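Chemist: Quick one: this structure, given as structure tokens, is what I'll be asking you about.
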Amino acid sequence: MKLKDLFLKTRSCRRYDESFHIGEETLESLIDLARLAASGGNRQPLKYLLYNAKEECEKIFPYLAWAGYFKEWQGPVKGERPSGYIIILGDKSVTDTFGVDHGIAAQSIMLGATEAGLGGCIIASIKRDELCEELKIPDRYEVLFVIALGKPVEKVIIDEIKDNDVKYWRDEQGNHHVPKRSLKDLILRL
Ligand SMILES: Cc1cc2nc3c(=O)[nH]c(=O)nc-3n(C[C@H](O)[C@H](O)[C@H](O)COP(=O)(O)O)c2cc1C
């Protein structure tokens, strides 16, 4: 896939075919991409937890908030929930500030997921304390992002932004629309 096509296809996906199983080696291959990403001061303070078992996924799901603009939607229904998760942790024994390392790592994982035929969603809205307790994550680690992964069942369409409205929306067919600012709005010529 051409790089631009990979970027176009790498959308946040929130509805999946839950019966699909993601292999451990697929999750590991995504971390192998994140491992190569840029890191402030080359400190590489990120660690990763990988989950692909149904019972593990069921444990994680309640602590995540989905699509903040969809006030009526409680997130994917049973059968459309993620088949796997990657939790990005900051290792506080390496440094106590993680800069933008986890953003770069998350996008690397998302791009790799698309290439592997998966869809994902970076989730920052997390009940962190409860999740750490549930998964017995030691204090040494800070939960930075959870990345939900699965086989997509929703279509995501990029729209041109109108009236400066950044809110994504869903049409009657269930397609998810995501408005993106135009190139001419982003590049400043001072
Ligand atoms: C730092 C960050 C945090 C995000 N947190 C959440 C979240 O908590 N829940 C969610 O459903 N989506 C979350 N998203 C996904 C965004 O809503 C999504 O990137 C945005 O709507 C644009 O859609 P796109 O990724 O398809 O371009 C997050 C994305 C980023 C980059």
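Residues are named by chain letter and number: chains run A, B, ... in the order of the structure tokens, numbers start at 1 in each chain, and ligands are numbered from 1 in the order shown.
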Please provide as a PyMOL selection string all residues within 7 Å of Lys92 (chain A), with the sequence filter that same-chain residues fewer than 3 positions apart are discarded (counting only C-alpha atoms).

Modeler: chain A and resi 95-96+140-141

Chemist: Please save all heavy atoms of the selected residues as a compact mmCIF listing (two decimals), in the first residue's frame.

Modeler:
# COMPACT_ATOMS: atom_id res chain seq x y z
N THR A 95 11.92 7.62 33.29
CA THR A 95 11.74 9.07 33.32
C THR A 95 10.32 9.34 33.83
O THR A 95 9.47 8.44 33.76
CB THR A 95 11.91 9.70 31.91
OG1 THR A 95 11.57 11.08 31.95
CG2 THR A 95 11.06 9.04 30.86
N ASP A 96 10.07 10.54 34.34
CA ASP A 96 8.69 10.79 34.78
C ASP A 96 7.90 11.63 33.78
O ASP A 96 6.74 11.93 34.00
CB ASP A 96 8.63 11.38 36.20
CG ASP A 96 9.56 12.55 36.37
OD1 ASP A 96 10.08 13.04 35.35
OD2 ASP A 96 9.77 12.97 37.53
N ARG A 140 4.87 1.53 39.27
CA ARG A 140 6.00 2.00 38.48
C ARG A 140 5.58 2.46 37.08
O ARG A 140 6.31 3.22 36.43
CB ARG A 140 6.98 0.81 38.39
CG ARG A 140 8.05 0.95 37.41
CD ARG A 140 8.93 -0.29 37.45
NE ARG A 140 9.77 -0.32 36.26
CZ ARG A 140 10.62 -1.27 35.97
NH1 ARG A 140 10.75 -2.31 36.79
NH2 ARG A 140 11.34 -1.21 34.88
N TYR A 141 4.40 2.02 36.63
CA TYR A 141 3.97 2.33 35.26
C TYR A 141 2.79 3.29 35.25
O TYR A 141 1.88 3.17 36.08
CB TYR A 141 3.56 1.04 34.53
CG TYR A 141 4.67 0.03 34.47
CD1 TYR A 141 4.64 -1.11 35.27
CD2 TYR A 141 5.77 0.24 33.64
CE1 TYR A 141 5.67 -2.02 35.24
CE2 TYR A 141 6.81 -0.68 33.61
CZ TYR A 141 6.76 -1.80 34.41
OH TYR A 141 7.78 -2.70 34.38

Chemist: What do you get as an mmCIF file with N, CA and C atoms, in the first residue's frame if you pick all residues at most 9 Å from ligand 1, counting only C-alpha atoms and all ligand atoms?

Modeler:
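So the final result, stored in selection13.cif, reads:
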data_model
loop_
_atom_site.group_PDB
_atom_site.id
_atom_site.type_symbol
_atom_site.label_atom_id
_atom_site.label_comp_id
_atom_site.auth_asym_id
_atom_site.auth_seq_id
_atom_site.Cartn_x
_atom_site.Cartn_y
_atom_site.Cartn_z
ATOM 1 N N LEU A 8 -4.583 7.381 4.673
ATOM 2 C CA LEU A 8 -6.021 7.620 4.436
ATOM 3 C C LEU A 8 -6.856 6.531 5.098
ATOM 4 N N LYS A 9 -6.354 5.312 5.035
ATOM 5 C CA LYS A 9 -7.098 4.151 5.553
ATOM 6 C C LYS A 9 -7.000 4.028 7.083
ATOM 7 N N THR A 10 -5.989 4.654 7.651
ATOM 8 C CA THR A 10 -5.785 4.528 9.104
ATOM 9 C C THR A 10 -6.705 5.500 9.845
ATOM 10 N N ARG A 11 -7.934 5.071 10.028
ATOM 11 C CA ARG A 11 -8.952 5.869 10.724
ATOM 12 C C ARG A 11 -9.247 5.232 12.078
ATOM 13 N N SER A 12 -9.812 6.020 12.972
ATOM 14 C CA SER A 12 -10.255 5.443 14.236
ATOM 15 C C SER A 12 -11.498 4.621 13.965
ATOM 16 N N CYS A 13 -11.412 3.358 14.308
ATOM 17 C CA CYS A 13 -12.540 2.449 14.086
ATOM 18 C C CYS A 13 -13.037 2.003 15.460
ATOM 19 N N ARG A 14 -14.361 2.013 15.643
ATOM 20 C CA ARG A 14 -14.903 1.698 16.970
ATOM 21 C C ARG A 14 -15.896 0.539 16.964
ATOM 22 N N LEU A 64 -13.107 2.041 29.474
ATOM 23 C CA LEU A 64 -12.807 2.909 28.330
ATOM 24 C C LEU A 64 -14.026 3.737 27.949
ATOM 25 N N ALA A 65 -13.778 4.979 27.512
ATOM 26 C CA ALA A 65 -14.882 5.826 27.023
ATOM 27 C C ALA A 65 -14.735 5.996 25.516
ATOM 28 N N TRP A 66 -15.842 5.802 24.826
ATOM 29 C CA TRP A 66 -15.833 5.759 23.359
ATOM 30 C C TRP A 66 -16.534 6.978 22.780
ATOM 31 N N ALA A 67 -15.935 7.556 21.736
ATOM 32 C CA ALA A 67 -16.578 8.578 20.895
ATOM 33 C C ALA A 67 -17.324 9.632 21.715
ATOM 34 N N GLY A 68 -16.563 10.486 22.347
ATOM 35 C CA GLY A 68 -17.122 11.514 23.231
ATOM 36 C C GLY A 68 -18.217 12.366 22.599
ATOM 37 N N TYR A 69 -18.194 12.546 21.285
ATOM 38 C CA TYR A 69 -19.232 13.375 20.639
ATOM 39 C C TYR A 69 -20.563 12.648 20.515
ATOM 40 N N GLY A 75 -20.664 3.055 23.340
ATOM 41 C CA GLY A 75 -19.540 2.288 22.804
ATOM 42 C C GLY A 75 -20.062 1.046 22.104
ATOM 43 N N HIS A 102 4.481 8.573 23.319
ATOM 44 C CA HIS A 102 3.359 7.630 23.194
ATOM 45 C C HIS A 102 2.456 7.979 22.014
ATOM 46 N N GLY A 103 2.415 9.263 21.624
ATOM 47 C CA GLY A 103 1.645 9.630 20.430
ATOM 48 C C GLY A 103 2.276 9.044 19.180
ATOM 49 N N ALA A 106 1.801 5.318 19.251
ATOM 50 C CA ALA A 106 0.406 4.940 18.979
ATOM 51 C C ALA A 106 0.116 5.001 17.486
ATOM 52 N N GLN A 107 0.567 6.058 16.828
ATOM 53 C CA GLN A 107 0.310 6.162 15.380
ATOM 54 C C GLN A 107 1.069 5.065 14.619
ATOM 55 N N GLY A 120 -8.221 0.164 14.424
ATOM 56 C CA GLY A 120 -7.938 0.429 15.833
ATOM 57 C C GLY A 120 -8.466 1.766 16.265
ATOM 58 N N CYS A 121 -8.365 2.013 17.548
ATOM 59 C CA CYS A 121 -8.736 3.325 18.088
ATOM 60 C C CYS A 121 -7.828 3.630 19.283
ATOM 61 N N ILE A 122 -7.195 4.790 19.195
ATOM 62 C CA ILE A 122 -6.375 5.258 20.333
ATOM 63 C C ILE A 122 -7.349 5.789 21.384
ATOM 64 N N ILE A 123 -7.242 5.293 22.592
ATOM 65 C CA ILE A 123 -8.158 5.747 23.643
ATOM 66 C C ILE A 123 -7.360 6.336 24.804
ATOM 67 N N ALA A 124 -7.686 7.620 25.079
ATOM 68 C CA ALA A 124 -7.030 8.300 26.201
ATOM 69 C C ALA A 124 -7.999 8.490 27.366
ATOM 70 N N SER A 125 -9.282 8.360 27.050
ATOM 71 C CA SER A 125 -10.296 8.549 28.083
ATOM 72 C C SER A 125 -10.503 7.197 28.784
ATOM 73 N N ILE A 126 -9.756 7.053 29.882
ATOM 74 C CA ILE A 126 -9.629 5.746 30.542
ATOM 75 C C ILE A 126 -9.837 5.946 32.045
ATOM 76 N N PHE A 145 -1.978 5.323 27.001
ATOM 77 C CA PHE A 145 -3.084 5.077 26.070
ATOM 78 C C PHE A 145 -3.461 3.608 26.112
ATOM 79 N N VAL A 146 -4.713 3.356 25.774
ATOM 80 C CA VAL A 146 -5.134 2.000 25.413
ATOM 81 C C VAL A 146 -5.445 2.049 23.914
ATOM 82 N N VAL A 156 -15.458 4.179 7.582
ATOM 83 C CA VAL A 156 -15.156 5.551 8.021
ATOM 84 C C VAL A 156 -14.847 6.389 6.784
ATOM 85 N N ILE A 157 -15.532 7.521 6.695
ATOM 86 C CA ILE A 157 -15.406 8.381 5.514
ATOM 87 C C ILE A 157 -14.824 9.727 5.938
ATOM 88 N N ILE A 158 -13.790 10.162 5.241
ATOM 89 C CA ILE A 158 -13.216 11.481 5.534
ATOM 90 C C ILE A 158 -14.024 12.535 4.766
ATOM 91 N N VAL A 166 -15.644 20.337 13.878
ATOM 92 C CA VAL A 166 -14.723 19.187 13.921
ATOM 93 C C VAL A 166 -15.410 17.899 14.386
ATOM 94 N N LYS A 167 -16.696 17.995 14.741
ATOM 95 C CA LYS A 167 -17.364 16.811 15.314
ATOM 96 C C LYS A 167 -17.591 15.733 14.255
ATOM 97 N N TYR A 168 -17.156 14.520 14.590
ATOM 98 C CA TYR A 168 -17.469 13.396 13.715
ATOM 99 C C TYR A 168 -18.941 13.041 13.908
ATOM 100 N N HIS A 176 -19.351 6.123 9.588
ATOM 101 C CA HIS A 176 -18.783 7.141 10.478
ATOM 102 C C HIS A 176 -18.089 8.189 9.598
ATOM 103 N N HIS A 177 -18.445 9.452 9.808
ATOM 104 C CA HIS A 177 -17.831 10.530 9.016
ATOM 105 C C HIS A 177 -16.894 11.342 9.897
ATOM 106 N N VAL A 178 -15.687 11.588 9.375
ATOM 107 C CA VAL A 178 -14.720 12.360 10.159
ATOM 108 C C VAL A 178 -14.242 13.565 9.332
ATOM 109 N N PRO A 179 -14.598 14.787 9.793
ATOM 110 C CA PRO A 179 -14.190 15.974 9.041
ATOM 111 C C PRO A 179 -12.712 16.295 9.261
ATOM 112 N N LYS A 180 -12.027 16.582 8.190
ATOM 113 C CA LYS A 180 -10.604 16.949 8.282
ATOM 114 C C LYS A 180 -10.412 18.346 7.701
#

Chemist: Report as a VMD selection string: the residues of region 2-189 of chain A with a DSSP assignment of strand (DSSP E or B), based on the backbone of this structure.

Modeler: chain A and resid 12 16 46 to 51 64 84 to 91 119 to 123 126 141 to 150 152 156 to 160 169 to 170 176 to 180

Chemist: Sorted by chain and rising residue number, list the residues of region 93-147 of chain A at most 12 Å from region 27-38 of chain A (counting only C-alpha atoms), each with its closest atom pair and distance in Å to one decimal, as a tab-separated table.

Modeler:
residue	atom	partner	partner_atom	distance
A:Gly99	CA	A:Ala38	CA	11.2
A:Val100	CA	A:Ala38	CA	9.5
A:Asp101	CA	A:Ala38	CA	7.1
A:His102	CA	A:Ala34	CA	9.0
A:Gly103	CA	A:Ala37	CA	10.1
A:Ile104	CA	A:Ala37	CA	6.7
A:Ala105	CA	A:Ala34	CA	4.7
A:Ala106	CA	A:Ala34	CA	7.3
A:Gln107	CA	A:Ala34	CA	8.4
A:Ser108	CA	A:Ala34	CA	5.5
A:Ile109	CA	A:Leu30	CA	5.2
A:Met110	CA	A:Leu30	CA	8.2
A:Leu111	CA	A:Leu30	CA	8.8
A:Gly112	CA	A:Leu30	CA	5.8
A:Ala113	CA	A:Leu30	CA	6.9
A:Thr114	CA	A:Leu30	CA	10.3
A:Glu115	CA	A:Leu30	CA	10.1
A:Ala116	CA	A:Leu30	CA	9.1
A:Leu118	CA	A:Leu27	CA	10.7
A:Gly120	CA	A:Leu30	CA	11.7
A:Ile147	CA	A:Leu27	CA	10.9

Chemist: Those same residues, written as a short mmCIF file (atom, residue, chain, number, x, y, z; two decimals), in the first residue's frame with N, CA, C and O atoms?

Modeler:
data_model
loop_
_atom_site.label_atom_id
_atom_site.label_comp_id
_atom_site.auth_asym_id
_atom_site.auth_seq_id
_atom_site.Cartn_x
_atom_site.Cartn_y
_atom_site.Cartn_z
N GLY A 99 6.74 12.98 27.28
CA GLY A 99 6.68 13.85 26.10
C GLY A 99 5.62 13.40 25.12
O GLY A 99 4.47 13.15 25.53
N VAL A 100 6.00 13.29 23.85
CA VAL A 100 5.04 12.86 22.83
C VAL A 100 5.36 11.44 22.35
O VAL A 100 4.80 10.97 21.36
N ASP A 101 6.25 10.76 23.08
CA ASP A 101 6.66 9.41 22.65
C ASP A 101 5.46 8.51 22.41
O ASP A 101 5.41 7.76 21.43
N HIS A 102 4.48 8.57 23.32
CA HIS A 102 3.36 7.63 23.19
C HIS A 102 2.46 7.98 22.01
O HIS A 102 1.82 7.09 21.45
N GLY A 103 2.41 9.26 21.62
CA GLY A 103 1.65 9.63 20.43
C GLY A 103 2.28 9.04 19.18
O GLY A 103 1.58 8.49 18.32
N ILE A 104 3.59 9.16 19.10
CA ILE A 104 4.30 8.62 17.92
C ILE A 104 4.17 7.09 17.90
O ILE A 104 3.91 6.49 16.85
N ALA A 105 4.32 6.48 19.06
CA ALA A 105 4.20 5.01 19.14
C ALA A 105 2.79 4.57 18.76
O ALA A 105 2.61 3.59 18.02
N ALA A 106 1.80 5.32 19.25
CA ALA A 106 0.41 4.94 18.98
C ALA A 106 0.12 5.00 17.49
O ALA A 106 -0.51 4.09 16.92
N GLN A 107 0.57 6.06 16.83
CA GLN A 107 0.31 6.16 15.38
C GLN A 107 1.07 5.07 14.62
O GLN A 107 0.55 4.53 13.64
N SER A 108 2.26 4.72 15.09
CA SER A 108 3.01 3.63 14.44
C SER A 108 2.21 2.33 14.53
O SER A 108 2.12 1.57 13.55
N ILE A 109 1.65 2.10 15.70
CA ILE A 109 0.83 0.89 15.91
C ILE A 109 -0.42 0.92 15.03
O ILE A 109 -0.79 -0.08 14.40
N MET A 110 -1.05 2.08 14.97
CA MET A 110 -2.27 2.21 14.15
C MET A 110 -1.98 1.94 12.67
O MET A 110 -2.75 1.27 11.98
N LEU A 111 -0.87 2.48 12.18
CA LEU A 111 -0.51 2.27 10.77
C LEU A 111 -0.23 0.80 10.50
O LEU A 111 -0.66 0.23 9.50
N GLY A 112 0.49 0.18 11.43
CA GLY A 112 0.80 -1.25 11.30
C GLY A 112 -0.47 -2.09 11.34
O GLY A 112 -0.60 -3.08 10.61
N ALA A 113 -1.41 -1.68 12.18
CA ALA A 113 -2.69 -2.41 12.28
C ALA A 113 -3.42 -2.34 10.95
O ALA A 113 -3.95 -3.36 10.47
N THR A 114 -3.45 -1.17 10.34
CA THR A 114 -4.12 -1.03 9.04
C THR A 114 -3.47 -1.95 8.01
O THR A 114 -4.15 -2.66 7.27
N GLU A 115 -2.14 -1.93 8.00
CA GLU A 115 -1.43 -2.77 7.03
C GLU A 115 -1.75 -4.25 7.24
O GLU A 115 -1.82 -5.04 6.29
N ALA A 116 -1.99 -4.61 8.51
CA ALA A 116 -2.29 -6.02 8.85
C ALA A 116 -3.78 -6.34 8.64
O ALA A 116 -4.23 -7.43 9.01
N LEU A 118 -6.30 -4.76 10.07
CA LEU A 118 -7.07 -4.49 11.28
C LEU A 118 -7.47 -3.02 11.33
O LEU A 118 -7.00 -2.20 10.54
N GLY A 120 -8.22 0.16 14.42
CA GLY A 120 -7.94 0.43 15.83
C GLY A 120 -8.47 1.77 16.26
O GLY A 120 -8.98 2.55 15.45
N ILE A 147 -4.93 1.11 23.16
CA ILE A 147 -5.29 1.01 21.74
C ILE A 147 -6.17 -0.22 21.55
O ILE A 147 -5.75 -1.34 21.85
#

Chemist: Using only C-alpha atoms, which residue out of A:Glu142, A:Asp91, A:Glu72, A:Asp185 lies closest to Arg170 (chain A)?

Modeler: A:Glu72

Chemist: Taking only C-alpha atoms into account, name the residue in A:Leu149, A:Leu135, A:Ile86, A:Met1 that is nearest to Leu49 (chain A).

Modeler: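 When distances to Leu49 (chain A) are compared using only C-alpha atoms, the smallest one comes from A:Ile86.
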
Chemist: Tell me which protein, DNA and RNA residues are within 8 Å of Pro76 (chain A), counting only C-alpha atoms, leaving out same-chain ones fewer than 4 positions away, and put them as a list in words.

Modeler: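 Result of the neighbour search: Arg14, Arg15, Tyr16, Glu80 and Arg81 of chain A.
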
Chemist: Counting only C-alpha atoms, which of A:Phe98, A:Ser19, A:Phe7, A:Ile88 gets nearest to Asn42 (chain A)?

Modeler: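 Checking each candidate against Asn42 (chain A), we get A:Phe98 as the closest.
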